[in-house]
Every structure is written in structure tokens, then in C-alpha cells.
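Contents: one structure, followed by commentary.
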Amino acid sequence: MLDSHVMEAVDSSPRPRAAPFIDGHFPRRPIPIVLLSILGGFALSALWSYQFVDSVIGDNVANYLLGHDAKATPIEGAVAGIVFALVSGLAGTFTACNVAVFGAVAPCLGPGVASRKALVLGTLRALAWLAVGMLVISVSYGVLVGWIGVNLPQFSTAPPEPGQMPPVLVQSMVVFGVVGIAMIYLGLTVVGVTPDPLAAVAKRFPQVHTVLLGMLIGGFLVGRPYPLFRQLFRNAAEIGSPLYAAAVFSLQSLGNIALMAVIALTLALILPKRVFNWFRVDPTRANTFTAASLLTLGVFTVLYWDLRLLATFGVIPWYPIAPWV
């Protein structure tokens, strides 16, 4: 039999896992973090140019990868739809309806890991749980679209009535408003400003917050007005197959997070040792970055998709917008 001290050492050895990003290590001064993040989200919403990211970046990336004009070429057949789904997901990475995905980079890295190996393995596990949450929504929405998609606002291409918002943008406003508020709440919870409603669940399932964040990212599909996505949406709705719609929506969601996942893994692999140790000795430092990313992009999502959109259609009198927008 092994000596009891040896057994204790074996049992207590660290097992690489995805560290939860809401772990009770709260920064001592959370209010400046919150205020600066709100300011950053507001500035981003005022400076954002959807024409540049949608057309200059998104359309050109899709056209290059597909080898033809993505918008002008119909999607012919299931194979073409699968390829289009993945390519349009990658092309839409930086659009306003997806950029908030980068708020997941810091949560996926996780605080308080003891070694480089643990950081990399933990990041991989966190990305896997993030994908689980995301795919729950993508598959569910795909099934719904395959069933009744032609009756959903995202299917419509009819011009709006004078003085009214098009139904697809009303859907966007509601969905992204909910997603943004949820991200803000998560960010406030990371720094201890708001209570954690999932605390009891997290004791048994530490990755519940990561799965929830993945579900919010999956929710981008439900509100997305991005033209290339709507092209895929209409294709899936017209085919009317829940299985096909679930598959292509899942692939587009995976394409949406591909670059974010590469960035998170790259940081885990190449983070300078001095910086790694600086985060390791005090988990509140990692949580500060996690909270700031969630808060900044959550505030941006709410302001851009609600207040700025309402101002665009004259529902509210004004919203500050950069002159180049």
C-alpha cells in the first residue's frame, strides 16, 4: 500500500481544467473598472462604422474565400450551404452583431492557473464549454427556422413603412438588448458589484457561467441582420429542413468564434512569462480584464443596437456618431 502522505500528494495534485471566471476574487476598487468600461463601450458605439466592417471587411473576405460574389450568387444545394455557412461566419467576425464575441477571450483564459500547461489546457476546455452553450442555441434556432422560418422577421426583405423600423431590426434590437444586458450583468458579477444568481449551480458545475456566455454568443444568430447571414437564413427557411438549418447555423456560429478561439489559444501559448506570473500571483488582475471586456462589449451592444438604432429611425432625437460613420 502507498504511504498515506504519498496518497495525499497524489490526490491533491493539480488537474488542468477550465478555471471558472466568476470565482470570488473581486478587485478592491471595482467602481473605476465599471466606469471606464462603460466609457469604452459608449465610445465604441459612437465610433463604429458598420459600412466598413460589413462591406469592406466582411464582403471582401467572403468573396475571396468563396471565389465569387457572395451576395450575388445563390446558394445551390446542401454542400454549398455548408461552405457558405462557415465562410460567412468567418467573414462576419468583426460585424457589430458579432464583435462582442471577443469579450469571451479573457474568460476563456481563466484566472489563477499555476502553469503554462494548465493555462493552455484550461483555455481549450473553456472554449469547448463555450461551444457547448453556443451550439445549444444555434441548433435550437436552426430547428425553429427549418420549421417556421419563412414566418420569422429575419426572412422578410420588404422595405419598411415610412417612419417605421423594419421588423428584422426590431428583432435585432430586442435580442441584442437582452444579450448586452446579460453581458453587463456577468461583468458586474465578476467584480462583485452584483450577486451571482448561478452561485449554487456553480458549486456543482463550475463551468455554468462559461456555458451561459456561449449561449449568449449563440443568441447573436437570433438577432443578426447581417446580409450574408440573412442570405443563409432565407436559404435554410426555404429548404425547410430543421436538420439542415441546425447544421448550417452551427457551422456559422463556429466560424464566428474561430478567430476569437485562435487569439485565446495564442495568448495562452505565447503570453510572456513575466506577464503570466503577474496574473498568476493575483487572480483579481485576470478578473479585472475579464470584467472590463464583458462590460465594454456589453455596453457597446446595448447602446449600438438600441439607442443608436432608435436614433437612426428618429424614435429618439439624437445619438452621438463619429463624422465618418
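We label chains A, B, ... in the order they appear in the C-alpha cells, count residues from 1 in each chain, and number ligands from 1 in the order shown.
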Problem - Secondary structure check, helix (DSSP H, G or I) residues of stretch 212-246 of chain A, as an MDAnalysis selection string - result: chainID A and resid 212:218 220:223 227:239 242:246
Practice task
Considering only C-alpha atoms, return as a list in words whatever protein or nucleic-acid residues lie within 7 Å of stretch 152-161 of chain A, sequence-local ones (same chain, fewer than 3 positions apart) excluded.
Solution key: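 The neighbour list is Gly149, Gln164, Met165, Pro166, Pro167, Val168, Arg230, Phe233 and Arg234 of chain A.
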Practice task
Select, from A:Leu212, A:Ile31, A:Ala43, A:Ala199, the residue with the minimum atom-to-atom distance to A:Gly133, counting only C-alpha atoms.
Solution key: A:Leu212
Exercise for the section: Name all residues at most 9 Å from A:Leu130 (count only C-alpha atoms; drop same-chain ones fewer than 3 positions away) and give them as a count of residues only. Expected result: 16
Handout entry: Spatial neighbours of A:Leu39, 12 Å, only C-alpha atoms, chain gap at least 2 places, as a list in words
Key =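 After dropping sequence-adjacent residues, the list is Pro32, Ile33, Val34, Leu35, Leu36, Ser37, Gly41, Phe42, Ala43, Leu44, Ser45, Ala46, Ala292, Leu295, Thr296, Leu297, Gly298, Val299, Phe300 and Leu303 of chain A.
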Problem - Residues near stretch 174-178 of chain A, cut-off 10 Å, only C-alpha atoms, skip fewer than 4 positions along chain, as number ranges by chain - result: A: 97, 169-170, 182-184, 216, 219-224, 298-299, 301-307
Would you write out those residues with N, CA, C and O atoms, as an mmCIF file, in the first residue's frame?
```cif
data_model
loop_
_atom_site.group_PDB
_atom_site.id
_atom_site.type_symbol
_atom_site.label_atom_id
_atom_site.label_comp_id
_atom_site.auth_asym_id
_atom_site.auth_seq_id
_atom_site.Cartn_x
_atom_site.Cartn_y
_atom_site.Cartn_z
ATOM 1 N N CYS A 97 -22.856 42.750 -35.014
ATOM 2 C CA CYS A 97 -23.677 41.688 -34.430
ATOM 3 C C CYS A 97 -22.840 40.497 -33.978
ATOM 4 O O CYS A 97 -23.396 39.472 -33.575
ATOM 5 N N LEU A 169 -35.039 44.565 -37.816
ATOM 6 C CA LEU A 169 -34.268 45.386 -36.890
ATOM 7 C C LEU A 169 -34.944 45.484 -35.524
ATOM 8 O O LEU A 169 -34.269 45.671 -34.510
ATOM 9 N N VAL A 170 -36.257 45.373 -35.490
ATOM 10 C CA VAL A 170 -36.944 45.298 -34.195
ATOM 11 C C VAL A 170 -36.497 44.035 -33.459
ATOM 12 O O VAL A 170 -36.207 44.057 -32.251
ATOM 13 N N ALA A 182 -27.255 41.043 -20.343
ATOM 14 C CA ALA A 182 -26.733 39.837 -19.685
ATOM 15 C C ALA A 182 -25.211 39.895 -19.573
ATOM 16 O O ALA A 182 -24.640 39.512 -18.538
ATOM 17 N N MET A 183 -24.533 40.369 -20.621
ATOM 18 C CA MET A 183 -23.071 40.500 -20.566
ATOM 19 C C MET A 183 -22.653 41.524 -19.518
ATOM 20 O O MET A 183 -21.668 41.326 -18.790
ATOM 21 N N ILE A 184 -23.396 42.623 -19.448
ATOM 22 C CA ILE A 184 -23.102 43.645 -18.431
ATOM 23 C C ILE A 184 -23.250 43.045 -17.036
ATOM 24 O O ILE A 184 -22.405 43.254 -16.152
ATOM 25 N N LEU A 216 -25.146 33.098 -24.905
ATOM 26 C CA LEU A 216 -25.322 34.486 -25.342
ATOM 27 C C LEU A 216 -24.718 34.690 -26.726
ATOM 28 O O LEU A 216 -25.309 35.371 -27.576
ATOM 29 N N GLY A 219 -26.884 33.325 -29.229
ATOM 30 C CA GLY A 219 -28.035 34.197 -29.423
ATOM 31 C C GLY A 219 -27.833 35.262 -30.471
ATOM 32 O O GLY A 219 -28.810 35.853 -30.952
ATOM 33 N N PHE A 220 -26.567 35.532 -30.837
ATOM 34 C CA PHE A 220 -26.322 36.519 -31.898
ATOM 35 C C PHE A 220 -27.079 36.147 -33.175
ATOM 36 O O PHE A 220 -27.530 37.009 -33.917
ATOM 37 N N LEU A 221 -27.187 34.840 -33.452
ATOM 38 C CA LEU A 221 -27.898 34.381 -34.651
ATOM 39 C C LEU A 221 -29.343 34.863 -34.670
ATOM 40 O O LEU A 221 -29.890 35.200 -35.725
ATOM 41 N N VAL A 222 -29.954 34.878 -33.500
ATOM 42 C CA VAL A 222 -31.379 35.183 -33.415
ATOM 43 C C VAL A 222 -31.659 36.640 -33.781
ATOM 44 O O VAL A 222 -32.722 36.963 -34.311
ATOM 45 N N GLY A 223 -30.684 37.516 -33.518
ATOM 46 C CA GLY A 223 -30.907 38.926 -33.810
ATOM 47 C C GLY A 223 -30.148 39.446 -35.007
ATOM 48 O O GLY A 223 -30.304 40.609 -35.379
ATOM 49 N N ARG A 224 -29.337 38.629 -35.627
ATOM 50 C CA ARG A 224 -28.378 39.110 -36.635
ATOM 51 C C ARG A 224 -29.049 39.585 -37.926
ATOM 52 O O ARG A 224 -29.707 38.801 -38.609
ATOM 53 N N GLY A 298 -20.561 44.552 -23.642
ATOM 54 C CA GLY A 298 -21.979 44.522 -23.293
ATOM 55 C C GLY A 298 -22.616 45.896 -23.422
ATOM 56 O O GLY A 298 -23.721 46.042 -23.976
ATOM 57 N N VAL A 299 -21.917 46.924 -22.931
ATOM 58 C CA VAL A 299 -22.418 48.296 -23.056
ATOM 59 C C VAL A 299 -22.502 48.691 -24.528
ATOM 60 O O VAL A 299 -23.483 49.300 -24.975
ATOM 61 N N THR A 301 -22.982 46.744 -27.071
ATOM 62 C CA THR A 301 -24.098 46.019 -27.687
ATOM 63 C C THR A 301 -25.424 46.691 -27.396
ATOM 64 O O THR A 301 -26.266 46.872 -28.288
ATOM 65 N N VAL A 302 -25.642 47.096 -26.145
ATOM 66 C CA VAL A 302 -26.901 47.754 -25.784
ATOM 67 C C VAL A 302 -27.016 49.119 -26.453
ATOM 68 O O VAL A 302 -28.061 49.448 -27.056
ATOM 69 N N LEU A 303 -25.957 49.922 -26.376
ATOM 70 C CA LEU A 303 -26.032 51.273 -26.920
ATOM 71 C C LEU A 303 -26.152 51.263 -28.435
ATOM 72 O O LEU A 303 -26.940 52.016 -29.014
ATOM 73 N N TYR A 304 -25.373 50.406 -29.096
ATOM 74 C CA TYR A 304 -25.387 50.379 -30.552
ATOM 75 C C TYR A 304 -26.710 49.846 -31.087
ATOM 76 O O TYR A 304 -27.313 50.430 -31.998
ATOM 77 N N TRP A 305 -27.169 48.721 -30.533
ATOM 78 C CA TRP A 305 -28.335 48.060 -31.092
ATOM 79 C C TRP A 305 -29.652 48.592 -30.548
ATOM 80 O O TRP A 305 -30.713 48.208 -31.051
ATOM 81 N N ASP A 306 -29.611 49.461 -29.558
ATOM 82 C CA ASP A 306 -30.849 50.024 -29.034
ATOM 83 C C ASP A 306 -30.884 51.545 -29.219
ATOM 84 O O ASP A 306 -31.634 52.053 -30.050
ATOM 85 N N LEU A 307 -30.053 52.274 -28.490
ATOM 86 C CA LEU A 307 -30.132 53.728 -28.564
ATOM 87 C C LEU A 307 -29.719 54.264 -29.931
ATOM 88 O O LEU A 307 -30.420 55.103 -30.515
#
```
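Residues in contact with A:Thr288 at 9 Å, where only C-alpha atoms are counted and same-chain residues fewer than 5 positions away are skipped, are listed as Phe26, Pro27, Pro30, Ile33, Val190, Val191, Pro283 and Ser293 of chain A.
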Using all heavy atoms, can you export the residues from the last selection as a short mmCIF file (atom, residue, chain, number, x, y, z; two decimals), in the first residue's frame?
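What follows is the written file part-v1.cif:
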```cif
data_model
loop_
_atom_site.label_atom_id
_atom_site.label_comp_id
_atom_site.auth_asym_id
_atom_site.auth_seq_id
_atom_site.Cartn_x
_atom_site.Cartn_y
_atom_site.Cartn_z
N PHE A 26 -12.51 39.28 -6.07
CA PHE A 26 -13.02 40.57 -6.53
C PHE A 26 -11.95 41.66 -6.39
O PHE A 26 -11.27 41.74 -5.36
CB PHE A 26 -14.25 40.98 -5.72
CG PHE A 26 -15.36 39.96 -5.76
CD1 PHE A 26 -16.02 39.59 -4.60
CD2 PHE A 26 -15.75 39.39 -6.96
CE1 PHE A 26 -17.05 38.66 -4.62
CE2 PHE A 26 -16.77 38.45 -7.00
CZ PHE A 26 -17.42 38.09 -5.85
N PRO A 27 -11.82 42.52 -7.40
CA PRO A 27 -10.89 43.66 -7.28
C PRO A 27 -11.30 44.56 -6.12
O PRO A 27 -12.49 44.69 -5.79
CB PRO A 27 -11.05 44.38 -8.63
CG PRO A 27 -11.59 43.34 -9.57
CD PRO A 27 -12.44 42.44 -8.73
N PRO A 30 -13.78 48.21 -7.56
CA PRO A 30 -14.48 47.84 -8.80
C PRO A 30 -15.09 49.01 -9.56
O PRO A 30 -15.27 48.95 -10.77
CB PRO A 30 -15.57 46.88 -8.32
CG PRO A 30 -15.84 47.31 -6.92
CD PRO A 30 -14.53 47.77 -6.36
N ILE A 33 -13.27 50.43 -12.58
CA ILE A 33 -13.30 49.45 -13.68
C ILE A 33 -14.63 49.55 -14.42
O ILE A 33 -14.67 49.58 -15.66
CB ILE A 33 -13.11 48.02 -13.13
CG1 ILE A 33 -11.77 47.90 -12.43
CG2 ILE A 33 -13.23 46.98 -14.25
CD1 ILE A 33 -11.61 46.60 -11.65
N VAL A 190 -18.48 39.53 -11.99
CA VAL A 190 -17.06 39.19 -11.90
C VAL A 190 -16.34 40.07 -10.88
O VAL A 190 -15.46 39.60 -10.16
CB VAL A 190 -16.39 39.30 -13.29
CG1 VAL A 190 -14.87 39.13 -13.17
CG2 VAL A 190 -16.94 38.25 -14.24
N VAL A 191 -16.73 41.35 -10.81
CA VAL A 191 -16.05 42.27 -9.88
C VAL A 191 -16.80 42.41 -8.56
O VAL A 191 -16.44 43.23 -7.71
CB VAL A 191 -15.83 43.66 -10.51
CG1 VAL A 191 -14.83 43.57 -11.63
CG2 VAL A 191 -17.14 44.26 -11.01
N PRO A 283 -5.22 36.59 -8.72
CA PRO A 283 -6.33 36.32 -9.65
C PRO A 283 -7.23 37.52 -9.90
O PRO A 283 -7.95 37.55 -10.89
CB PRO A 283 -7.09 35.18 -8.95
CG PRO A 283 -6.10 34.53 -8.05
CD PRO A 283 -5.20 35.64 -7.59
N SER A 293 -13.70 43.45 -20.29
CA SER A 293 -14.08 43.02 -21.64
C SER A 293 -15.58 42.77 -21.73
O SER A 293 -16.23 43.17 -22.70
CB SER A 293 -13.29 41.77 -22.04
OG SER A 293 -13.60 40.67 -21.21
#
```
Handout entry: Residue among A:Phe276, A:Tyr319, A:Trp324, A:Phe249 lying closest to A:Val83, counting only C-alpha atoms
Key =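 Closest residue, counting only C-alpha atoms: A:Phe249.
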Problem - Top pick for closest residue to A:Leu90, considering A:Leu144, A:Val61, A:Leu121, A:Ile38 and counting only C-alpha atoms - result: A:Val61
Problem - d(atom CA of A:Ile181, atom CA of A:Thr266) in Å - result: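 Rounded to one decimal, the two atoms are 29.0 Å apart.
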